[in-house]
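A.B. asks: Take a look at protein18.cif, mmCIF, C-alpha atoms:
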data_model
loop_
_atom_site.label_atom_id
_atom_site.label_comp_id
_atom_site.auth_asym_id
_atom_site.auth_seq_id
_atom_site.Cartn_x
_atom_site.Cartn_y
_atom_site.Cartn_z
CA MET A 6 144.14 64.69 132.64
CA SER A 7 144.84 64.45 128.93
CA SER A 8 143.40 61.65 126.84
CA ALA A 9 143.69 60.35 123.30
CA THR A 10 141.35 61.76 120.66
CA VAL A 11 139.20 58.97 119.25
CA PRO A 12 137.12 59.69 116.11
CA ALA A 13 133.36 59.21 116.37
CA THR A 14 133.31 56.97 113.30
CA PRO A 15 136.31 55.13 111.94
CA GLU A 16 137.39 55.04 108.35
CA PRO A 17 137.23 51.42 107.20
CA THR A 18 140.44 49.46 107.00
CA GLU A 19 141.61 48.18 103.63
CA SER A 20 139.70 44.93 104.03
CA LEU A 21 136.56 46.51 105.52
CA PRO A 22 134.97 47.70 102.24
CA THR A 23 135.33 44.19 100.82
CA ALA A 24 133.76 42.69 103.94
CA LEU A 25 130.84 45.14 103.78
CA ARG A 26 130.21 44.52 100.08
CA SER A 27 130.30 40.77 100.69
CA GLY A 28 127.92 41.19 103.65
CA ALA A 29 125.47 43.22 101.56
CA ALA A 30 125.51 40.59 98.80
CA ARG A 31 124.98 37.80 101.35
CA ALA A 32 122.05 39.67 102.95
CA ALA A 33 120.39 40.35 99.57
CA GLU A 34 120.77 36.70 98.58
CA LEU A 35 119.44 35.55 101.95
CA VAL A 36 116.15 37.48 101.65
CA GLY A 37 115.91 37.42 97.86
CA GLY A 38 115.68 41.21 97.79
CA LEU A 39 117.81 44.30 98.39
CA ALA A 40 120.42 45.18 101.02
CA LEU A 41 121.99 48.45 102.18
CA ILE A 42 124.70 48.85 104.83
CA PHE A 43 125.05 52.22 106.59
CA ALA A 44 127.81 53.42 108.93
CA ARG A 45 128.16 56.58 111.03
CA ASP A 46 129.99 59.55 109.55
CA GLU A 47 131.80 62.27 111.50
CA ARG A 48 128.46 64.02 112.20
CA GLU A 49 126.88 60.86 113.63
CA GLN A 50 124.73 60.55 110.47
CA PRO A 51 124.24 57.35 108.42
CA ILE A 52 126.34 57.09 105.29
CA LEU A 53 125.95 54.35 102.68
CA ARG A 54 128.91 51.95 102.68
CA ALA A 55 127.65 48.99 100.58
CA ALA A 56 124.59 47.89 98.60
CA ALA A 57 123.42 44.80 96.73
CA GLY A 58 120.44 43.78 94.61
CA PHE A 59 120.19 47.08 92.70
CA ALA A 60 120.48 47.39 88.94
CA SER A 61 122.95 50.30 89.14
CA ALA A 62 124.90 52.50 91.53
CA ASP A 63 122.51 55.40 90.89
CA GLU A 64 119.53 53.22 91.80
CA ALA A 65 121.32 52.15 95.01
CA ARG A 66 121.93 55.79 95.95
CA ARG A 67 118.27 56.65 95.36
CA GLY A 68 117.24 53.64 97.43
CA SER A 69 119.55 54.63 100.28
CA ALA A 70 118.04 58.12 100.39
CA SER A 71 114.57 56.63 100.92
CA VAL A 72 115.64 54.45 103.88
CA GLU A 73 118.26 56.75 105.43
CA GLU A 74 115.81 58.05 108.04
CA ALA A 75 114.90 54.51 109.12
CA ALA A 76 118.61 53.60 109.37
CA SER A 77 119.24 56.69 111.50
CA ALA A 78 116.39 55.72 113.86
CA ALA A 79 117.78 52.18 114.24
CA MET A 80 121.23 53.57 115.03
CA LEU A 81 119.67 55.83 117.67
CA THR A 82 117.45 53.23 119.38
CA GLY A 83 119.51 50.08 118.79
CA GLU A 84 116.33 48.12 117.98
CA ILE A 85 115.30 46.03 114.97
CA SER A 86 112.38 47.65 113.17
CA ARG A 87 109.98 47.24 110.23
CA PRO A 88 109.39 50.88 109.24
CA PRO A 89 107.06 51.79 106.36
CA LEU A 90 108.68 52.58 103.02
CA GLU A 91 108.13 56.19 101.98
CA VAL A 92 109.27 55.47 98.41
CA SER A 93 108.72 52.20 96.55
CA LEU A 94 111.89 50.20 95.89
CA GLY A 95 110.18 47.92 93.38
CA GLU A 96 109.34 44.22 93.34
CA ARG A 97 112.50 43.26 95.25
CA ALA A 98 111.20 45.15 98.29
CA ALA A 99 107.51 44.39 97.81
CA ALA A 100 107.14 42.84 101.30
CA GLY A 101 108.61 45.86 103.08
CA LEU A 102 111.75 46.94 104.89
CA LEU A 103 113.67 45.37 107.79
CA VAL A 104 116.33 47.44 109.57
CA VAL A 105 118.86 45.84 111.94
CA PRO A 106 121.27 48.01 113.98
CA LEU A 107 124.95 47.02 113.78
CA GLN A 108 125.95 46.96 117.43
CA ALA A 109 129.04 45.46 119.10
CA SER A 110 130.64 45.97 122.52
CA GLY A 111 127.92 48.41 123.48
CA ARG A 112 128.62 50.65 120.46
CA ILE A 113 126.29 51.16 117.49
CA HIS A 114 128.29 51.70 114.31
CA GLY A 115 125.60 51.50 111.64
CA ALA A 116 122.57 49.66 110.33
CA LEU A 117 121.72 46.90 107.87
CA ALA A 118 118.55 47.61 105.87
CA VAL A 119 117.05 44.85 103.70
CA GLY A 120 114.18 45.14 101.25
CA LEU A 121 112.13 41.94 101.38
CA ALA A 122 110.78 40.47 98.15
CA GLN A 123 108.50 38.33 100.33
CA GLU A 124 108.05 37.54 103.99
CA ILE A 125 110.99 35.55 105.42
CA ALA A 126 110.93 32.56 107.73
CA ASP A 127 112.53 32.29 111.18
CA PRO A 128 115.71 30.53 109.91
CA GLN A 129 116.31 33.39 107.45
CA THR A 130 115.74 35.95 110.23
CA ARG A 131 118.25 34.20 112.49
CA ALA A 132 120.79 33.97 109.68
CA LEU A 133 120.28 37.69 108.99
CA GLU A 134 120.87 38.53 112.66
CA THR A 135 124.04 36.39 112.65
CA LEU A 136 125.25 38.25 109.59
CA ALA A 137 124.48 41.61 111.28
CA GLU A 138 126.54 40.55 114.32
CA SER A 139 129.50 39.73 112.06
CA LEU A 140 129.23 43.07 110.24
CA ALA A 141 129.01 44.95 113.55
CA LEU A 142 132.16 43.20 114.75
CA ARG A 143 133.94 44.23 111.56
CA LEU A 144 132.97 47.88 112.08
CA ASP A 145 133.85 47.77 115.78
CA HIS A 146 137.18 46.18 114.96
CA ALA A 147 137.95 49.08 112.60
CA TYR A 148 136.82 51.52 115.29
CA LEU A 149 139.20 50.03 117.84
CA GLU A 150 142.07 49.95 115.34
CA ASN A 151 141.56 53.68 114.68
CA ALA A 152 141.32 54.37 118.37
CA LEU A 153 144.57 52.46 118.97
CA THR A 154 146.34 54.34 116.17
CA HIS A 155 145.24 57.72 117.56
CA ALA A 156 146.25 56.71 121.06
CA GLN A 157 149.70 55.66 119.85
CA ALA A 158 150.15 58.96 118.03
CA ASN A 159 149.06 60.98 121.03
CA GLN A 160 151.34 58.98 123.30
CA ALA A 161 154.37 59.88 121.20
CA GLU A 162 153.38 63.56 121.25
CA ARG A 163 152.49 63.74 124.93
CA ALA A 164 155.19 61.94 126.89
CA VAL A 165 154.00 63.57 130.12
CA VAL A 166 151.11 61.14 130.35
CA GLU A 167 153.14 58.06 129.43
CA GLU A 168 151.75 55.83 132.13
CA GLU A 169 148.13 56.71 131.41
CA LYS A 170 148.61 56.13 127.70
CA SER A 171 150.26 52.78 128.34
CA ASP A 172 147.21 51.69 130.25
CA GLU A 173 144.97 52.86 127.41
CA LEU A 174 147.10 51.09 124.81
CA LEU A 175 147.01 47.90 126.85
CA ARG A 176 143.23 48.14 127.22
CA LEU A 177 142.72 48.75 123.50
CA SER A 178 145.16 45.99 122.55
CA GLU A 179 143.32 43.54 124.79
CA ALA A 180 139.99 44.63 123.29
CA LEU A 181 141.36 44.11 119.77
CA PHE A 182 142.66 40.67 120.66
CA ALA A 183 139.29 39.74 122.16
CA GLN A 184 137.53 40.89 118.99
CA ASP A 185 139.96 38.97 116.79
CA VAL A 186 138.85 35.85 118.65
CA GLU A 187 135.19 36.89 118.32
CA LEU A 188 135.60 37.49 114.58
CA LEU A 189 137.06 34.01 114.17
CA ARG A 190 134.06 32.56 116.01
CA SER A 191 131.64 34.65 113.93
CA ASN A 192 133.26 33.56 110.66
CA GLU A 193 133.16 29.96 111.86
CA LYS A 194 129.44 30.37 112.63
CA LEU A 195 128.76 31.86 109.19
CA GLY A 196 130.73 29.04 107.60
CA THR A 197 128.61 26.53 109.51
CA VAL A 198 125.43 28.19 108.20
CA GLU A 199 126.73 27.98 104.62
CA LYS A 200 127.75 24.34 105.04
CA LEU A 201 124.35 23.43 106.50
CA LYS A 202 122.65 25.12 103.56
CA ALA A 203 124.87 23.31 101.07
CA ASP A 204 124.33 19.95 102.77
CA PHE A 205 120.57 20.56 102.86
CA ILE A 206 120.38 21.35 99.15
CA GLU A 207 122.53 18.37 98.20
CA LYS A 208 120.61 15.96 100.44
CA MET A 209 117.13 17.17 99.50
CA SER A 210 118.01 17.08 95.82
CA ARG A 211 119.28 13.51 96.14
CA GLU A 212 116.37 12.38 98.34
CA LEU A 213 113.82 13.80 95.90
CA ARG A 214 115.50 12.77 92.65
CA THR A 215 115.94 9.09 93.55
CA PRO A 216 112.23 8.27 94.08
CA LEU A 217 111.22 10.66 91.29
CA ASN A 218 113.42 8.81 88.79
CA SER A 219 111.81 5.52 89.87
CA ILE A 220 108.32 6.97 89.40
CA ILE A 221 109.17 8.28 85.91
CA GLU A 222 110.69 4.93 84.89
CA CYS A 223 107.59 3.08 86.14
CA ILE A 224 105.25 5.37 84.16
CA ILE A 225 107.32 4.93 80.99
CA SER A 226 107.31 1.15 81.52
CA VAL A 227 103.52 1.04 81.92
CA LEU A 228 102.94 3.26 78.88
CA ALA A 229 105.31 1.13 76.78
CA GLY A 230 104.04 -2.28 77.89
CA GLU A 231 100.37 -1.79 78.71
CA ASN A 232 99.42 1.09 76.43
CA GLU A 233 96.91 -0.94 74.40
CA ASN A 234 95.17 -2.22 77.53
CA LEU A 235 94.76 1.25 79.06
CA SER A 236 91.71 3.41 78.52
CA THR A 237 92.19 6.77 76.82
CA PRO A 238 91.68 8.72 80.08
CA GLY A 239 94.19 6.40 81.76
CA GLN A 240 96.77 7.01 79.04
CA ASP A 241 96.20 10.78 79.25
CA SER A 242 96.60 10.75 83.04
CA LEU A 243 99.84 8.79 82.87
CA ARG A 244 101.25 11.06 80.18
CA GLN A 245 100.35 14.11 82.26
CA ALA A 246 102.00 12.53 85.31
CA LEU A 247 105.09 11.79 83.20
CA ASP A 248 105.20 15.39 81.97
CA GLU A 249 104.81 16.80 85.50
CA GLY A 250 107.45 14.45 86.90
CA THR A 251 109.95 15.29 84.15
CA THR A 252 109.39 19.02 84.70
CA PHE A 253 109.87 18.64 88.45
CA LEU A 254 113.05 16.61 87.96
CA ARG A 255 114.43 19.27 85.62
CA THR A 256 113.64 22.00 88.18
CA LEU A 257 115.50 20.06 90.88
CA GLN A 258 118.51 19.71 88.61
CA ASN A 259 118.41 23.44 87.81
CA ILE A 260 118.41 24.30 91.53
CA LEU A 261 121.35 22.00 92.18
CA ASP A 262 123.32 23.30 89.18
CA LEU A 263 122.68 26.91 90.16
CA TRP A 264 123.90 26.21 93.69
CA ARG A 265 127.04 24.47 92.43
CA VAL A 266 127.84 27.36 90.09
CA LYS A 267 127.56 29.86 92.95
CA GLN A 268 129.78 27.70 95.15
CA GLY A 269 132.34 27.23 92.37
CA GLU A 270 131.75 23.47 92.42
CA LEU A 271 130.58 22.99 88.80
CA PRO A 272 133.69 22.25 86.71
CA VAL A 273 134.07 23.10 83.01
CA GLU A 274 134.82 20.01 80.94
CA HIS A 275 135.76 20.52 77.28
CA GLN A 276 135.08 17.96 74.61
CA GLU A 277 134.35 17.80 70.89
CA VAL A 278 130.91 19.25 70.10
CA ASN A 279 128.78 19.10 66.95
CA PHE A 280 126.58 22.13 67.63
CA ARG A 281 124.22 21.24 64.78
CA GLU A 282 123.29 18.10 66.73
CA VAL A 283 122.90 20.17 69.91
CA VAL A 284 120.35 22.38 68.10
CA GLU A 285 118.39 19.36 66.83
CA GLU A 286 118.34 17.77 70.31
CA ALA A 287 117.09 21.00 71.90
CA ILE A 288 114.30 21.32 69.32
CA PHE A 289 113.22 17.73 69.98
CA SER A 290 113.29 18.27 73.76
CA VAL A 291 110.86 21.24 73.71
CA GLN A 292 108.11 19.53 71.72
CA ASP A 293 106.20 18.74 74.93
CA THR A 294 106.40 22.42 75.91
CA LEU A 295 105.02 23.47 72.53
CA GLY A 296 102.19 20.96 72.74
CA GLY A 297 99.78 21.60 69.90
CA LYS A 298 100.45 25.34 69.61
CA PRO A 299 100.79 26.75 66.07
CA VAL A 300 104.46 27.63 66.49
CA GLU A 301 107.12 26.97 63.86
CA ILE A 302 110.78 26.57 64.84
CA LEU A 303 113.19 27.91 62.21
CA LYS A 304 116.95 27.32 62.00
CA ARG A 305 119.33 29.89 60.53
CA ILE A 306 122.80 28.37 60.66
CA ARG A 307 125.62 30.31 59.06
CA GLU A 308 127.94 28.00 57.15
CA PRO A 309 130.46 26.68 57.64
CA LEU A 310 129.63 25.44 61.12
CA PRO A 311 132.77 23.59 62.23
CA LYS A 312 133.13 21.15 65.06
CA LEU A 313 134.09 22.80 68.31
CA ARG A 314 135.65 22.08 71.66
CA THR A 315 133.63 23.39 74.61
CA ASP A 316 131.54 22.05 77.50
CA LEU A 317 128.84 20.02 75.73
CA ALA A 318 126.58 19.59 78.75
CA LYS A 319 126.52 23.29 79.56
CA VAL A 320 125.93 24.68 76.04
CA ASN A 321 123.25 21.99 75.59
CA GLN A 322 121.58 23.08 78.83
CA VAL A 323 121.78 26.78 77.94
CA LEU A 324 120.23 26.25 74.51
CA PHE A 325 117.46 24.03 75.90
CA LEU A 326 116.58 26.53 78.66
CA LEU A 327 116.36 29.42 76.19
CA LEU A 328 114.37 27.43 73.65
CA ASP A 329 112.05 26.06 76.36
CA ASN A 330 111.48 29.60 77.64
CA ALA A 331 110.65 30.83 74.14
CA ALA A 332 108.27 27.89 73.55
CA LYS A 333 106.54 28.53 76.88
CA PHE A 334 105.79 32.21 76.17
CA THR A 335 105.00 32.00 72.45
CA PRO A 336 101.32 31.12 71.89
CA GLN A 337 101.64 31.29 68.10
CA GLY A 338 104.00 32.40 65.37
CA GLN A 339 107.61 31.29 65.18
CA ILE A 340 110.85 30.77 67.05
CA GLU A 341 114.13 31.27 65.22
CA ILE A 342 117.49 29.80 66.22
CA ALA A 343 120.43 31.65 64.66
CA VAL A 344 123.91 30.15 64.98
CA GLU A 345 127.33 31.24 63.75
CA VAL A 346 130.99 30.73 64.60
CA GLU A 347 133.29 33.68 64.07
CA GLY A 348 136.92 33.35 65.04
CA ASP A 349 136.99 31.66 68.44
CA ARG A 350 133.43 32.69 69.42
CA LEU A 351 130.21 30.70 69.16
CA ARG A 352 127.20 33.00 68.83
CA CYS A 353 123.62 31.81 69.19
CA ALA A 354 120.38 33.82 69.31
CA ILE A 355 116.82 32.64 70.01
CA THR A 356 114.16 35.04 68.73
CA ASP A 357 110.43 34.46 69.30
CA THR A 358 107.15 36.20 68.46
CA GLY A 359 105.79 35.65 71.97
CA ILE A 360 104.25 37.87 74.62
CA GLY A 361 107.45 39.85 75.30
CA ILE A 362 108.71 41.52 78.48
CA CYS A 363 107.89 45.06 79.58
CA ALA A 364 110.71 47.53 80.26
CA ASP A 365 110.12 47.59 84.05
CA ASP A 366 110.69 43.82 84.31
CA MET A 367 113.77 43.62 82.06
CA GLN A 368 116.22 44.38 84.89
CA PHE A 369 114.84 41.58 87.08
CA VAL A 370 114.32 38.64 84.70
CA PHE A 371 117.78 37.19 85.44
CA ASP A 372 117.11 37.20 89.20
CA GLU A 373 116.51 33.87 90.95
CA PHE A 374 112.85 32.77 91.17
CA TYR A 375 111.69 36.03 89.55
CA GLN A 376 108.47 35.71 87.55
CA VAL A 377 107.19 38.61 85.45
CA ASP A 378 103.59 37.87 86.43
CA PRO A 379 103.32 35.52 89.44
CA ALA A 380 99.55 35.40 88.97
CA SER A 381 100.03 33.62 85.63
CA SER A 382 102.31 30.89 87.05
CA ASN A 383 99.62 28.24 86.50
CA ARG A 384 99.43 29.17 82.84
CA TYR A 385 103.19 29.47 82.30
CA ARG A 386 104.75 26.82 84.49
CA GLY A 387 108.23 27.40 85.79
CA SER A 388 110.32 28.19 88.85
CA GLY A 389 111.90 31.41 87.60
CA LEU A 390 115.38 29.83 87.48
CA GLY A 391 115.88 29.31 83.73
CA LEU A 392 117.37 32.68 82.76
CA THR A 393 119.34 32.88 86.02
CA LEU A 394 120.99 29.55 85.24
CA VAL A 395 121.58 30.61 81.61
CA ARG A 396 123.40 33.75 82.77
CA ASP A 397 125.54 31.88 85.31
CA LEU A 398 126.42 28.97 82.98
CA VAL A 399 127.41 31.31 80.15
CA ALA A 400 129.51 33.37 82.59
CA LEU A 401 131.15 30.14 83.81
CA LEU A 402 132.15 29.41 80.20
CA GLY A 403 133.62 32.92 79.88
CA GLY A 404 130.81 34.30 77.73
CA GLU A 405 127.99 36.82 77.98
CA VAL A 406 124.20 37.03 77.46
CA GLN A 407 122.17 39.80 75.84
CA LEU A 408 118.40 40.31 76.13
CA ARG A 409 116.11 42.42 73.98
CA SER A 410 112.32 42.35 74.21
CA GLU A 411 109.19 44.33 73.42
CA ILE A 412 105.83 43.68 75.00
CA GLY A 413 103.49 41.98 72.53
CA ARG A 414 106.20 41.70 69.87
CA GLY A 415 108.52 39.01 71.21
CA THR A 416 111.92 38.45 72.77
CA ARG A 417 115.48 37.89 71.56
CA VAL A 418 118.05 36.29 73.86
CA ALA A 419 121.57 35.90 72.48
CA PHE A 420 124.67 34.37 74.01
CA GLU A 421 128.24 33.93 72.91
CA VAL A 422 130.99 31.81 74.42
CA PRO A 423 134.64 31.22 73.55
CA VAL A 424 135.36 27.91 71.80
CA ASP A 425 138.23 26.04 70.19
CA VAL A 426 137.55 25.40 66.50
CA ILE A 427 138.62 21.93 65.36
#
Write out the structure in this file as structure tokens.
C.D. replies:
Amino acid sequence: MSSATVPATPEPTESLPTALRSGAARAAELVGGLALIFARDEREQPILRAAAGFASADEARRGSASVEEAASAAMLTGEISRPPLEVSLGERAAAGLLVVPLQASGRIHGALAVGLAQEIADPQTRALETLAESLALRLDHAYLENALTHAQANQAERAVVEEEKSDELLRLSEALFAQDVELLRSNEKLGTVEKLKADFIEKMSRELRTPLNSIIECIISVLAGENENLSTPGQDSLRQALDEGTTFLRTLQNILDLWRVKQGELPVEHQEVNFREVVEEAIFSVQDTLGGKPVEILKRIREPLPKLRTDLAKVNQVLFLLLDNAAKFTPQGQIEIAVEVEGDRLRCAITDTGIGICADDMQFVFDEFYQVDPASSNRYRGSGLGLTLVRDLVALLGGEVQLRSEIGRGTRVAFEVPVDVI
């Protein structure tokens, strides 16, 4: 009896590479680390199809070589594993490796390997497994489409087995239809996960900000009305509470803004902007961060500095975040703010004489919640979101950010955005 030739591993359909890249990015974001997606090649060996969380394509290829054996084992056994890493993948995989086989309809088509920046909780694990199921369905769908195509070709060439081929075509068509339905359910499930996450962030932000605003207003009211009747330790305690509350409120707002940018829900609103006033406001706002440190803030504004049209709130937030970061990591010396408008571009650079950033950390400083030295978090307070939000806000405005730093010598962060000159 003759039968259709079905390839061991299908070539992805036109939409499959996009789905795999999106899946890798979602997995890396979910665990805060790295993600690699492998599929079988013609020799039943794992081949890298998508990666996320790496600084470059070369780094992704080197990373895939170090976990290829673990991916092959997962594809052979069909079991989730936590194999040891033979080669370090850096801070973004500091908590180890998790490998999930991509299996659908009794067929294993590949493996999802994630490098964990830190241990993940049960909800993240379940979300990762849901994502793996969706990716497996995508690969199996492509497999069945290839099988159907080959069966159709063979049927045309071998008319003598027409009836048998018709049965095979019917079976494969039914399987494809069933998987189309399953893919719709899987996408619906993933959409539900995303909506729950969005609702959670929105609700928690609102539930925390409302009482926090009341607390801050009460502290300000007491300090303004009863300051003379308070003891010095009492005044100091209230001011410290006010500082902590304001910092916490700002962190909550940063988290919410970052989420809205990623979801495409933070609109750009242009209005007339006097950037000289934006600079002065940012300098005033970081005085609490500077405290009593011997740090001088210098302004170097290239004249003329015309009025502009851009998103005031966003450029204000970007400048404050950069200046606050410089003030935080500069124990002494100076911080310089350089501003110029050339053509339709606003350029601004913040240069400090602070502690600087080593070369190994430069590629990670724009990652969410990344801290160069987590052990020093008590000394340098922060959530690790400032530079991430700067990068995303500037990108939202159609601009770009540049970073240059030397350990012990200081840091320069520059950004430029398109503007309308008035």
A.B. asks: For Asp397 (chain A), work out the shell of residues within 8 Å, counting all atoms listed in the file and skipping chain neighbours fewer than 3 positions away, then give it as a ChimeraX atom specification.
C.D. replies: /A:263,266,393-394,400-401
A.B. asks: For a quick check of understanding, using only C-alpha atoms, which of A:Ile288, A:Val283, A:Ile412, A:Val426 has the smallest distance to Glu347 (chain A)?
C.D. replies: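 So, comparing all the options, the nearest one is A:Val426.
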A.B. asks: Which of these residues is nearest to Gln123 (chain A), using all atoms listed in the file: A:Ile260, A:Gly83, A:Gly38, A:Arg190?
C.D. replies: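 Under the stated criterion, the closest residue is A:Gly38.
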A.B. asks: As a compact mmCIF listing (two decimals) with C-alpha atoms, in the coordinates of the input, please: the residues near Ile302 (chain A) (cut-off 8 Å, all atoms listed in the file, same-chain neighbours under 5 positions excluded).
C.D. replies:
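Ended up saving to result_4.txt:
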# COMPACT_ATOMS: atom_id res chain seq x y z
CA ILE A 288 114.30 21.32 69.32
CA GLN A 339 107.61 31.29 65.18
CA ILE A 340 110.85 30.77 67.05
CA GLU A 341 114.13 31.27 65.22
CA ILE A 342 117.49 29.80 66.22
A.B. asks: Enumerate, as JSON, numbers by chain, the residues matched when the PyMOL selection byres ((chain A and resi 321-328) around 9) is run on the file above.
C.D. replies: {"A": [280, 283, 284, 286, 287, 288, 290, 291, 316, 317, 318, 319, 320, 329, 330, 331, 332, 333, 340, 342, 353, 355, 391, 392, 394, 395, 396, 398, 399, 418]}
A.B. asks: How about saving the chosen residues, C-alpha atoms kept, as a PDB file, keeping the file's coordinate frame?
C.D. replies:
ATOM      1  CA  PHE A 280     126.580  22.130  67.630  1.00  0.00           C
ATOM      2  CA  VAL A 283     122.900  20.170  69.910  1.00  0.00           C
ATOM      3  CA  VAL A 284     120.350  22.380  68.100  1.00  0.00           C
ATOM      4  CA  GLU A 286     118.340  17.770  70.310  1.00  0.00           C
ATOM      5  CA  ALA A 287     117.090  21.000  71.900  1.00  0.00           C
ATOM      6  CA  ILE A 288     114.300  21.320  69.320  1.00  0.00           C
ATOM      7  CA  SER A 290     113.290  18.270  73.760  1.00  0.00           C
ATOM      8  CA  VAL A 291     110.860  21.240  73.710  1.00  0.00           C
ATOM      9  CA  ASP A 316     131.540  22.050  77.500  1.00  0.00           C
ATOM     10  CA  LEU A 317     128.840  20.020  75.730  1.00  0.00           C
ATOM     11  CA  ALA A 318     126.580  19.590  78.750  1.00  0.00           C
ATOM     12  CA  LYS A 319     126.520  23.290  79.560  1.00  0.00           C
ATOM     13  CA  VAL A 320     125.930  24.680  76.040  1.00  0.00           C
ATOM     14  CA  ASP A 329     112.050  26.060  76.360  1.00  0.00           C
ATOM     15  CA  ASN A 330     111.480  29.600  77.640  1.00  0.00           C
ATOM     16  CA  ALA A 331     110.650  30.830  74.140  1.00  0.00           C
ATOM     17  CA  ALA A 332     108.270  27.890  73.550  1.00  0.00           C
ATOM     18  CA  LYS A 333     106.540  28.530  76.880  1.00  0.00           C
ATOM     19  CA  ILE A 340     110.850  30.770  67.050  1.00  0.00           C
ATOM     20  CA  ILE A 342     117.490  29.800  66.220  1.00  0.00           C
ATOM     21  CA  CYS A 353     123.620  31.810  69.190  1.00  0.00           C
ATOM     22  CA  ILE A 355     116.820  32.640  70.010  1.00  0.00           C
ATOM     23  CA  GLY A 391     115.880  29.310  83.730  1.00  0.00           C
ATOM     24  CA  LEU A 392     117.370  32.680  82.760  1.00  0.00           C
ATOM     25  CA  LEU A 394     120.990  29.550  85.240  1.00  0.00           C
ATOM     26  CA  VAL A 395     121.580  30.610  81.610  1.00  0.00           C
ATOM     27  CA  ARG A 396     123.400  33.750  82.770  1.00  0.00           C
ATOM     28  CA  LEU A 398     126.420  28.970  82.980  1.00  0.00           C
ATOM     29  CA  VAL A 399     127.410  31.310  80.150  1.00  0.00           C
ATOM     30  CA  VAL A 418     118.050  36.290  73.860  1.00  0.00           C
TER      31      VAL A 418
END
A.B. asks: State, in Å with one decimal place, the distance from CA of Arg143 (chain A) to CA of Pro51 (chain A).
C.D. replies: 16.6 Å
A.B. asks: If the PyMOL selection byres ((chain A and resi 111) around 12) were run on this exact file, what residues would it hold? Put them as a PyMOL selection string.
C.D. replies: chain A and resi 80+83+106-110+112-114+141-142+145
A.B. asks: Save out the residues we just selected, C-alpha atoms, as an mmCIF file, in the frame of the given file.
C.D. replies:
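In the end it all went to again11.cif:
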data_model
loop_
_atom_site.group_PDB
_atom_site.id
_atom_site.type_symbol
_atom_site.label_atom_id
_atom_site.label_comp_id
_atom_site.auth_asym_id
_atom_site.auth_seq_id
_atom_site.Cartn_x
_atom_site.Cartn_y
_atom_site.Cartn_z
ATOM 1 C CA MET A 80 121.230 53.570 115.030
ATOM 2 C CA GLY A 83 119.510 50.080 118.790
ATOM 3 C CA PRO A 106 121.270 48.010 113.980
ATOM 4 C CA LEU A 107 124.950 47.020 113.780
ATOM 5 C CA GLN A 108 125.950 46.960 117.430
ATOM 6 C CA ALA A 109 129.040 45.460 119.100
ATOM 7 C CA SER A 110 130.640 45.970 122.520
ATOM 8 C CA ARG A 112 128.620 50.650 120.460
ATOM 9 C CA ILE A 113 126.290 51.160 117.490
ATOM 10 C CA HIS A 114 128.290 51.700 114.310
ATOM 11 C CA ALA A 141 129.010 44.950 113.550
ATOM 12 C CA LEU A 142 132.160 43.200 114.750
ATOM 13 C CA ASP A 145 133.850 47.770 115.780
#
A.B. asks: What separation in Å, quoted to one decimal, exists between CA of Ser410 (chain A) and CA of Arg66 (chain A)?
C.D. replies: 27.3 Å
